[in-house]
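Q: Sharing entry.txt here; it has compact mmCIF, C-alpha atoms and all ligand atoms.
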```txt
# COMPACT_ATOMS: atom_id res chain seq x y z
CA MET U 269 -86.37 76.56 16.40
CA ALA U 270 -85.90 74.87 19.79
CA GLU U 271 -84.03 71.61 19.35
CA ARG U 272 -86.95 69.59 20.75
CA ASP U 273 -89.23 71.00 18.01
CA ALA U 274 -86.80 70.32 15.17
CA PRO U 275 -87.93 67.74 12.61
CA ARG U 276 -86.12 64.42 12.99
CA VAL U 277 -84.36 62.36 10.40
CA THR U 278 -82.06 59.34 10.53
CA VAL U 279 -79.33 58.78 7.96
CA LEU U 280 -78.08 55.18 7.81
CA GLY U 281 -74.82 55.06 5.89
CA LEU U 282 -72.10 57.69 5.87
CA GLY U 283 -70.28 57.04 2.63
CA ARG U 284 -69.74 59.87 0.17
CA MET U 285 -73.44 60.42 -0.50
CA GLY U 286 -74.58 59.71 3.06
CA THR U 287 -72.16 62.21 4.55
CA ALA U 288 -73.29 64.94 2.13
CA ILE U 289 -76.93 64.10 2.83
CA ALA U 290 -76.54 64.12 6.63
CA ARG U 291 -74.76 67.47 6.38
CA ALA U 292 -77.60 68.88 4.28
CA PHE U 293 -80.11 67.92 6.97
CA LEU U 294 -77.95 69.40 9.72
CA ASN U 295 -77.61 72.64 7.76
CA ASP U 296 -81.39 72.72 7.37
CA GLY U 297 -81.99 72.48 11.12
CA TYR U 298 -83.02 68.82 11.33
CA ARG U 299 -82.23 66.78 14.42
CA THR U 300 -80.09 64.32 12.48
CA THR U 301 -79.24 60.89 13.85
CA VAL U 302 -76.51 59.06 11.99
CA TRP U 303 -75.26 55.49 11.91
CA ASN U 304 -72.61 53.80 9.81
CA ARG U 305 -71.29 50.23 9.76
CA THR U 306 -67.82 51.66 10.34
CA ASP U 307 -68.26 53.95 13.36
CA ALA U 308 -65.27 56.17 12.64
CA LYS U 309 -67.02 57.85 9.71
CA ALA U 310 -69.55 59.45 12.09
CA GLY U 311 -66.94 61.60 13.86
CA VAL U 312 -66.92 64.53 11.49
CA LEU U 313 -70.72 64.76 11.52
CA THR U 314 -71.08 64.53 15.29
CA ALA U 315 -68.64 67.45 15.48
CA GLU U 316 -71.12 69.32 13.26
CA GLY U 317 -74.08 68.51 15.51
CA ALA U 318 -75.33 65.07 14.43
CA VAL U 319 -76.41 62.51 17.03
CA HIS U 320 -74.45 59.29 16.65
CA ALA U 321 -76.46 56.12 17.28
CA ASP U 322 -74.43 53.25 18.71
CA ASP U 323 -76.37 50.64 16.80
CA VAL U 324 -78.80 50.47 13.94
CA THR U 325 -81.79 49.81 16.21
CA ALA U 326 -81.17 53.01 18.15
CA ALA U 327 -80.80 54.87 14.85
CA VAL U 328 -84.10 53.51 13.54
CA GLU U 329 -85.91 54.31 16.78
CA ALA U 330 -84.70 57.92 16.65
CA GLY U 331 -87.28 59.10 14.16
CA PRO U 332 -90.02 58.46 11.63
CA LEU U 333 -87.93 58.92 8.49
CA LEU U 334 -84.97 56.68 7.63
CA ILE U 335 -82.75 57.80 4.74
CA VAL U 336 -80.55 54.90 3.61
CA PRO U 337 -77.82 55.81 1.09
CA LEU U 338 -75.84 52.56 1.19
CA LEU U 339 -73.79 50.79 -1.46
CA ASP U 340 -76.51 48.55 -2.91
CA PRO U 341 -79.95 47.14 -2.04
CA GLY U 342 -78.35 44.06 -0.44
CA ALA U 343 -76.49 46.33 1.98
CA VAL U 344 -79.72 48.21 2.79
CA ARG U 345 -81.49 44.97 3.71
CA GLN U 346 -78.46 43.66 5.65
CA ALA U 347 -78.12 46.91 7.59
CA LEU U 348 -81.83 47.13 8.47
CA GLU U 349 -82.34 43.46 9.34
CA PRO U 350 -81.28 43.71 13.03
CA ALA U 351 -83.74 46.60 13.47
CA ALA U 352 -86.61 45.01 11.52
CA PRO U 353 -88.95 44.71 14.56
CA CYS U 354 -88.66 48.50 15.05
CA LEU U 355 -89.52 49.52 11.49
CA ALA U 356 -93.31 49.53 11.93
CA GLY U 357 -94.90 52.91 11.24
CA ARG U 358 -91.76 54.46 9.79
CA THR U 359 -90.77 55.32 6.25
CA VAL U 360 -87.61 53.84 4.75
CA VAL U 361 -86.11 55.75 1.83
CA GLY U 362 -83.68 53.42 0.05
CA LEU U 363 -81.12 55.43 -1.90
CA ALA U 364 -78.86 52.65 -3.16
CA ASN U 365 -78.49 52.17 -6.90
CA GLY U 366 -80.04 48.87 -7.90
CA THR U 367 -82.23 47.10 -10.40
CA PRO U 368 -86.01 47.61 -10.65
CA GLN U 369 -86.56 44.09 -9.27
CA GLN U 370 -84.26 44.76 -6.30
CA ALA U 371 -86.37 47.86 -5.52
CA ARG U 372 -89.56 45.77 -5.60
CA ASP U 373 -88.02 43.08 -3.38
CA LEU U 374 -86.85 45.62 -0.83
CA ALA U 375 -90.25 47.34 -0.85
CA ALA U 376 -91.95 44.00 -0.16
CA TRP U 377 -89.56 43.22 2.68
CA VAL U 378 -90.10 46.64 4.29
CA ALA U 379 -93.90 46.42 3.82
CA GLY U 380 -93.72 43.01 5.55
CA HIS U 381 -92.55 44.92 8.63
CA ASP U 382 -95.47 47.37 8.49
CA ALA U 383 -93.37 50.26 7.23
CA ASP U 384 -93.54 52.33 4.06
CA TYR U 385 -90.81 52.08 1.47
CA LEU U 386 -89.84 54.79 -0.99
CA ASP U 387 -87.20 53.88 -3.52
CA GLY U 388 -84.98 56.80 -4.43
CA ALA U 389 -82.55 57.20 -7.31
CA MET U 390 -80.01 59.97 -6.81
CA MET U 391 -79.21 62.00 -9.91
CA ALA U 392 -76.45 63.84 -8.12
CA LEU U 393 -72.84 63.74 -7.05
CA PRO U 394 -71.74 64.17 -3.45
CA HIS U 395 -70.81 67.84 -4.00
CA THR U 396 -74.14 68.66 -5.71
CA VAL U 397 -76.35 67.37 -2.88
CA ALA U 398 -78.61 70.20 -1.65
CA THR U 399 -77.83 72.34 -4.71
CA PRO U 400 -80.21 73.13 -7.59
CA GLU U 401 -78.21 70.75 -9.80
CA ALA U 402 -79.28 67.67 -7.87
CA PHE U 403 -82.55 65.81 -8.42
CA PHE U 404 -83.76 62.52 -7.01
CA PHE U 405 -86.48 60.26 -8.42
CA TYR U 406 -88.80 58.55 -5.93
CA SER U 407 -91.30 55.75 -6.29
CA GLY U 408 -93.58 54.04 -3.84
CA PRO U 409 -96.72 55.06 -1.93
CA GLU U 410 -97.83 58.60 -2.88
CA ARG U 411 -99.04 59.15 0.71
CA ALA U 412 -95.59 58.47 2.20
CA TYR U 413 -93.97 60.70 -0.43
CA ALA U 414 -96.41 63.55 0.32
CA GLU U 415 -95.87 63.15 4.06
CA HIS U 416 -92.08 63.43 3.80
CA ARG U 417 -91.70 65.61 0.73
CA THR U 418 -90.38 68.63 2.67
CA ALA U 419 -87.57 66.52 4.11
CA LEU U 420 -86.81 64.87 0.76
CA GLU U 421 -86.47 68.32 -0.83
CA VAL U 422 -83.65 69.10 1.62
CA MET U 423 -81.39 66.66 -0.27
CA ALA U 424 -82.35 67.51 -3.85
CA ILE U 425 -85.25 68.48 -6.08
CA ALA U 426 -87.68 65.59 -5.68
CA HIS U 427 -89.76 63.90 -8.38
CA HIS U 428 -92.28 61.21 -7.52
CA VAL U 429 -92.55 58.99 -10.61
CA GLY U 430 -95.03 56.30 -9.61
CA ALA U 431 -96.38 53.93 -7.00
CA ASP U 432 -94.47 50.92 -8.37
CA PRO U 433 -91.24 50.85 -6.32
CA ALA U 434 -89.32 49.99 -9.51
CA ALA U 435 -90.18 53.28 -11.21
CA ALA U 436 -87.40 55.42 -9.70
CA GLU U 437 -84.70 52.96 -10.82
CA VAL U 438 -86.22 52.77 -14.31
CA HIS U 439 -86.29 56.57 -14.59
CA SER U 440 -82.72 56.74 -13.38
CA LEU U 441 -81.63 54.20 -16.01
CA ALA U 442 -83.48 56.17 -18.69
CA VAL U 443 -81.69 59.40 -17.80
CA LEU U 444 -78.33 57.63 -17.49
CA GLY U 445 -78.91 55.97 -20.88
CA THR U 446 -79.51 59.35 -22.50
CA GLY U 447 -76.27 60.63 -21.04
CA TYR U 448 -74.21 57.54 -21.86
CA ALA U 449 -75.13 57.79 -25.56
CA ALA U 450 -74.09 61.46 -25.67
CA LEU U 451 -70.85 60.95 -23.75
CA THR U 452 -69.82 57.93 -25.83
CA GLY U 453 -70.57 59.91 -28.99
CA PHE U 454 -68.26 62.63 -27.71
CA LEU U 455 -65.45 60.17 -26.97
CA HIS U 456 -65.77 58.67 -30.45
CA ALA U 457 -65.68 62.16 -31.96
CA ALA U 458 -62.60 63.05 -29.91
CA ALA U 459 -60.82 59.88 -31.13
CA LEU U 460 -61.70 60.80 -34.71
CA LEU U 461 -60.51 64.39 -34.38
CA GLU U 462 -57.29 63.24 -32.77
CA THR U 463 -56.41 61.51 -36.07
CA PHE U 464 -56.55 65.01 -37.62
CA GLY U 465 -54.21 66.35 -34.93
CA THR U 466 -56.93 68.05 -32.86
CA ASP U 467 -56.73 67.88 -29.07
CA PRO U 468 -60.01 66.54 -27.56
CA GLN U 469 -59.98 69.63 -25.30
CA THR U 470 -60.67 71.84 -28.30
CA LEU U 471 -63.73 69.79 -29.23
CA ALA U 472 -65.38 70.13 -25.83
CA PRO U 473 -66.81 73.69 -26.11
CA ALA U 474 -68.32 73.09 -29.57
CA ALA U 475 -69.74 69.72 -28.54
CA ALA U 476 -71.17 71.27 -25.35
CA ALA U 477 -72.84 74.04 -27.38
CA TRP U 478 -74.31 71.43 -29.74
CA LEU U 479 -75.60 69.32 -26.84
CA ARG U 480 -77.28 72.38 -25.29
CA GLY U 481 -79.20 72.77 -28.55
CA MET U 482 -80.03 69.06 -28.57
CA ALA U 483 -81.22 69.31 -24.96
CA ALA U 484 -83.55 72.15 -25.91
CA PHE U 485 -84.91 69.95 -28.71
CA LEU U 486 -85.86 67.08 -26.35
CA PRO U 487 -89.42 68.29 -25.52
CA GLU U 488 -90.23 68.52 -29.24
CA LEU U 489 -88.75 65.06 -29.83
CA ALA U 490 -90.77 63.70 -26.92
CA GLY U 491 -93.95 65.33 -28.26
CA GLN U 492 -93.48 63.67 -31.65
CA ALA U 493 -92.66 60.29 -30.14
CA GLY U 494 -95.66 60.57 -27.81
CA SER U 495 -98.12 61.49 -30.55
CA GLY U 496 -96.71 59.37 -33.39
CA ARG U 497 -96.88 62.45 -35.67
CA TYR U 498 -93.61 62.90 -37.55
CA GLY U 499 -94.61 65.22 -40.43
CA ASP U 500 -93.44 68.79 -41.23
CA ALA U 501 -89.97 68.10 -39.89
CA ALA U 502 -86.91 70.27 -40.44
CA SER U 503 -84.60 67.35 -39.67
CA THR U 504 -85.80 64.24 -41.51
CA ILE U 505 -84.65 60.63 -41.64
CA ASP U 506 -83.26 61.09 -45.16
CA LEU U 507 -81.46 64.32 -44.23
CA ASN U 508 -79.61 62.57 -41.41
CA ARG U 509 -78.73 59.34 -43.24
CA PRO U 510 -75.84 60.81 -45.27
CA ALA U 511 -74.35 62.42 -42.14
CA VAL U 512 -74.34 59.12 -40.25
CA ASP U 513 -73.00 57.30 -43.35
CA ALA U 514 -70.18 59.86 -43.59
CA LEU U 515 -69.39 59.54 -39.89
CA ILE U 516 -69.01 55.78 -40.27
CA ALA U 517 -67.03 56.03 -43.51
CA VAL U 518 -64.56 58.63 -42.27
CA SER U 519 -64.11 56.76 -38.99
CA GLY U 520 -63.27 53.58 -40.92
CA GLU U 521 -60.79 55.46 -43.15
CA ARG U 522 -59.04 56.93 -40.10
CA GLY U 523 -58.89 53.60 -38.21
CA VAL U 524 -61.42 54.71 -35.56
CA ASP U 525 -63.99 52.05 -34.65
CA PRO U 526 -67.37 53.20 -36.05
CA ALA U 527 -69.34 50.47 -34.24
CA LEU U 528 -71.08 53.01 -32.01
CA HIS U 529 -72.93 54.61 -34.93
CA ARG U 530 -73.86 51.47 -36.88
CA PRO U 531 -77.11 50.76 -34.96
CA LEU U 532 -78.34 54.27 -35.78
CA LYS U 533 -77.46 53.81 -39.45
CA GLU U 534 -79.44 50.59 -39.47
CA LEU U 535 -82.49 52.28 -37.93
CA LEU U 536 -82.39 55.21 -40.37
CA ASP U 537 -81.95 52.90 -43.36
CA ARG U 538 -84.91 50.75 -42.27
CA ARG U 539 -87.17 53.77 -41.84
CA SER U 540 -86.19 55.10 -45.22
CA ALA U 541 -86.67 51.72 -46.92
CA ASP U 542 -90.15 51.52 -45.34
CA GLY U 543 -91.12 54.84 -46.99
CA HIS U 544 -90.57 57.11 -43.97
CA GLY U 545 -87.57 59.07 -45.27
CA ASP U 546 -89.47 62.38 -45.09
CA ASP U 547 -90.51 61.81 -41.49
CA SER U 548 -88.78 63.56 -38.64
CA PHE U 549 -85.68 61.99 -37.07
CA ALA U 550 -87.95 61.15 -34.11
CA ALA U 551 -89.67 58.49 -36.26
CA VAL U 552 -86.81 56.14 -35.29
CA TYR U 553 -88.87 55.75 -32.10
CA GLU U 554 -91.33 53.57 -34.01
CA LEU U 555 -88.60 50.93 -34.43
CA LEU U 556 -87.56 51.05 -30.79
CA ARG U 557 -90.88 51.01 -28.94
CA VAL U 558 -92.74 47.91 -27.79
CA ARG U 559 -96.14 47.66 -29.50
N1 LIG V 1 -70.70 58.65 -5.32
C1 LIG V 1 -71.32 59.00 -6.44
O1 LIG V 1 -70.85 59.85 -7.15
C2 LIG V 1 -72.62 58.36 -6.89
C3 LIG V 1 -73.67 59.40 -7.19
C4 LIG V 1 -74.97 58.80 -7.66
C5 LIG V 1 -75.46 57.70 -6.72
N2 LIG V 1 -74.42 56.74 -6.41
C6 LIG V 1 -74.92 55.62 -5.62
O2 LIG V 1 -75.15 56.03 -4.28
C7 LIG V 1 -75.01 54.93 -3.40
C8 LIG V 1 -74.00 55.32 -2.30
O3 LIG V 1 -72.81 55.68 -2.95
P1 LIG V 1 -71.56 56.32 -2.18
O4 LIG V 1 -70.72 57.00 -3.19
O5 LIG V 1 -72.01 57.11 -1.02
O6 LIG V 1 -70.81 54.99 -1.68
P2 LIG V 1 -69.61 54.83 -0.65
O7 LIG V 1 -68.95 56.12 -0.39
O8 LIG V 1 -68.80 53.69 -1.15
O9 LIG V 1 -70.37 54.38 0.68
C9 LIG V 1 -71.01 53.13 0.78
C10 LIG V 1 -71.76 53.04 2.08
O10 LIG V 1 -72.38 51.76 2.16
C11 LIG V 1 -71.96 51.12 3.39
N3 LIG V 1 -72.06 49.69 3.25
C12 LIG V 1 -71.59 48.92 2.22
N4 LIG V 1 -71.93 47.65 2.42
C13 LIG V 1 -72.61 47.57 3.59
C14 LIG V 1 -73.23 46.53 4.32
N5 LIG V 1 -73.22 45.28 3.89
N6 LIG V 1 -73.86 46.85 5.49
C15 LIG V 1 -73.87 48.12 5.95
N7 LIG V 1 -73.31 49.18 5.29
C16 LIG V 1 -72.69 48.90 4.12
C17 LIG V 1 -70.59 51.67 3.63
O11 LIG V 1 -70.27 51.45 4.99
P3 LIG V 1 -68.70 51.42 5.47
O12 LIG V 1 -67.92 50.71 4.40
O13 LIG V 1 -68.30 52.84 5.62
O14 LIG V 1 -68.74 50.69 6.74
C18 LIG V 1 -70.81 53.14 3.30
O15 LIG V 1 -71.49 53.81 4.34
C19 LIG V 1 -74.51 53.75 -4.26
O16 LIG V 1 -75.61 52.92 -4.57
C20 LIG V 1 -73.98 54.43 -5.51
O17 LIG V 1 -74.04 53.60 -6.65
C21 LIG V 1 -73.19 57.33 -5.91
```
Write out the structure in this file as structure tokens.
A:
Amino acid sequence: MAERDAPRVTVLGLGRMGTAIARAFLNDGYRTTVWNRTDAKAGVLTAEGAVHADDVTAAVEAGPLLIVPLLDPGAVRQALEPAAPCLAGRTVVGLANGTPQQARDLAAWVAGHDADYLDGAMMALPHTVATPEAFFFYSGPERAYAEHRTALEVMAIAHHVGADPAAAEVHSLAVLGTGYAALTGFLHAAALLETFGTDPQTLAPAAAAWLRGMAAFLPELAGQAGSGRYGDAASTIDLNRPAVDALIAVSGERGVDPALHRPLKELLDRRSADGHGDDSFAAVYELLRVR
């Protein structure tokens, strides 16, 4: 493709994620304009073909799509402020981790300058950008997402999760929460096994195999939680109660803090006491959801 016909993108922010993202666009043939608060970070990318903008206004004016992987939403706003009069008609894709409310505030500020705002949450690490491992959640106007989807897919698999700008951050927190619970469970298990003289390294393959099975079970769990039907289950509330009780008891005996598993014990006990012991494990959802 002749350079003048290449699609244009601007990447504002060349930290770890921004550098990987700008490189992904360059590798995909985009005319990529880059800007960073600290100029020196642009050097490596200009050597690879990026256009370095001297200031943020020039960077914004360089194209219709502004990808902004900065530290936090405050930094995004601070960086864009000097170029605010030039935002009209463009799409800003904010890729800083933040709260749902920060995403809404930023969206309102961008909309106030006649531009579209897509909030993005990056489920990726710098080295997984532009690989099949990476996926980003987006929220904001469907029209802006559809218009720029091809470019967004250069960075990672893209999922639009709603018009409310907060939705991407909420989805990101939900996925992170799922992972945190599993990883903390693993660390507790490793501490317990260590008291039996087992190196945590030896636990990892078995735990990984178990988690793969659990991951495959998630759609079924989701189906039960979504429908509220918890009958005919192979893994019931009452089947799992003794296992969680044993986990807590043995942890206590070995001096390993069992606090992590106590909330689950409480949920299982409540379900059982309410007459739901034969329901599927997923019935715990009924105690967690907002009615
Ligand atoms: N790195 C990771 O593994 C994770 C992966 C998942 C997503 N997170 C989030 O991604 C955002 C960016 O993270 P990052 O790792 O790229 O961050 P840094 O390498 O520290 O780069 C930060 C960039 O932000 C610039 N910056 C900071 N404050 C300001 C400001 N007030 N005005 C303008 N720019 C600002 C900073 O510029 P400089 O220090 O080089 O001048 C960098 O370009 C983040 O939300 C993660 O939570 C990363």
Q: Skipping near chain neighbours, those fewer than 5 positions away, what residues fall within 7 Å of Gly286 in chain U using only C-alpha atoms, listed as a PyMOL selection string?
A: chain U and resi 279+281+337
Q: Mind pulling up the distance from CA of Asp432 in chain U to CA of Phe293 in chain U?
A: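 Distance reported for this atom pair: 27.0 Å.
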Q: Residues within 8 Å of ligand LIG 1 (chain V), counting all atoms listed in the file: report them as a PyMOL selection string.
A: chain U and resi 280-287+304-307+309+337-344+346-347+363-366+389-394
Q: Rounded to one decimal, what separation in Å do you get between CA of Glu462 in chain U and CA of Pro510 in chain U?
A: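 Taking CA of Glu462 in chain U as the start and CA of Pro510 in chain U as the end point, the length is 22.5 Å.
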Q: Could you list, as a PyMOL selection string, every residue within 10 Å of Ala379 in chain U, counting all atoms listed in the file and ignoring same-chain residues fewer than 5 positions away?
A: chain U and resi 355-357+359-360+373-374+384-385
Q: Keeping C-alpha atoms for every residue in the selection just given, could you write it to a file as a CSV table (one decimal), keeping the file's coordinate frame?
A:
```
chain,number,residue,atom,x,y,z
U,355,LEU,CA,-89.5,49.5,11.5
U,356,ALA,CA,-93.3,49.5,11.9
U,357,GLY,CA,-94.9,52.9,11.2
U,359,THR,CA,-90.8,55.3,6.2
U,360,VAL,CA,-87.6,53.8,4.8
U,373,ASP,CA,-88.0,43.1,-3.4
U,374,LEU,CA,-86.8,45.6,-0.8
U,384,ASP,CA,-93.5,52.3,4.1
U,385,TYR,CA,-90.8,52.1,1.5
```
Q: Counting all atoms listed in the file, figure out which residue out of U:Ile516, U:Ala551, U:Leu441, U:Leu507 gets nearest to Gly491 in chain U.
A: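 The shortest atom-to-atom distance to Gly491 in chain U comes from U:Ala551.
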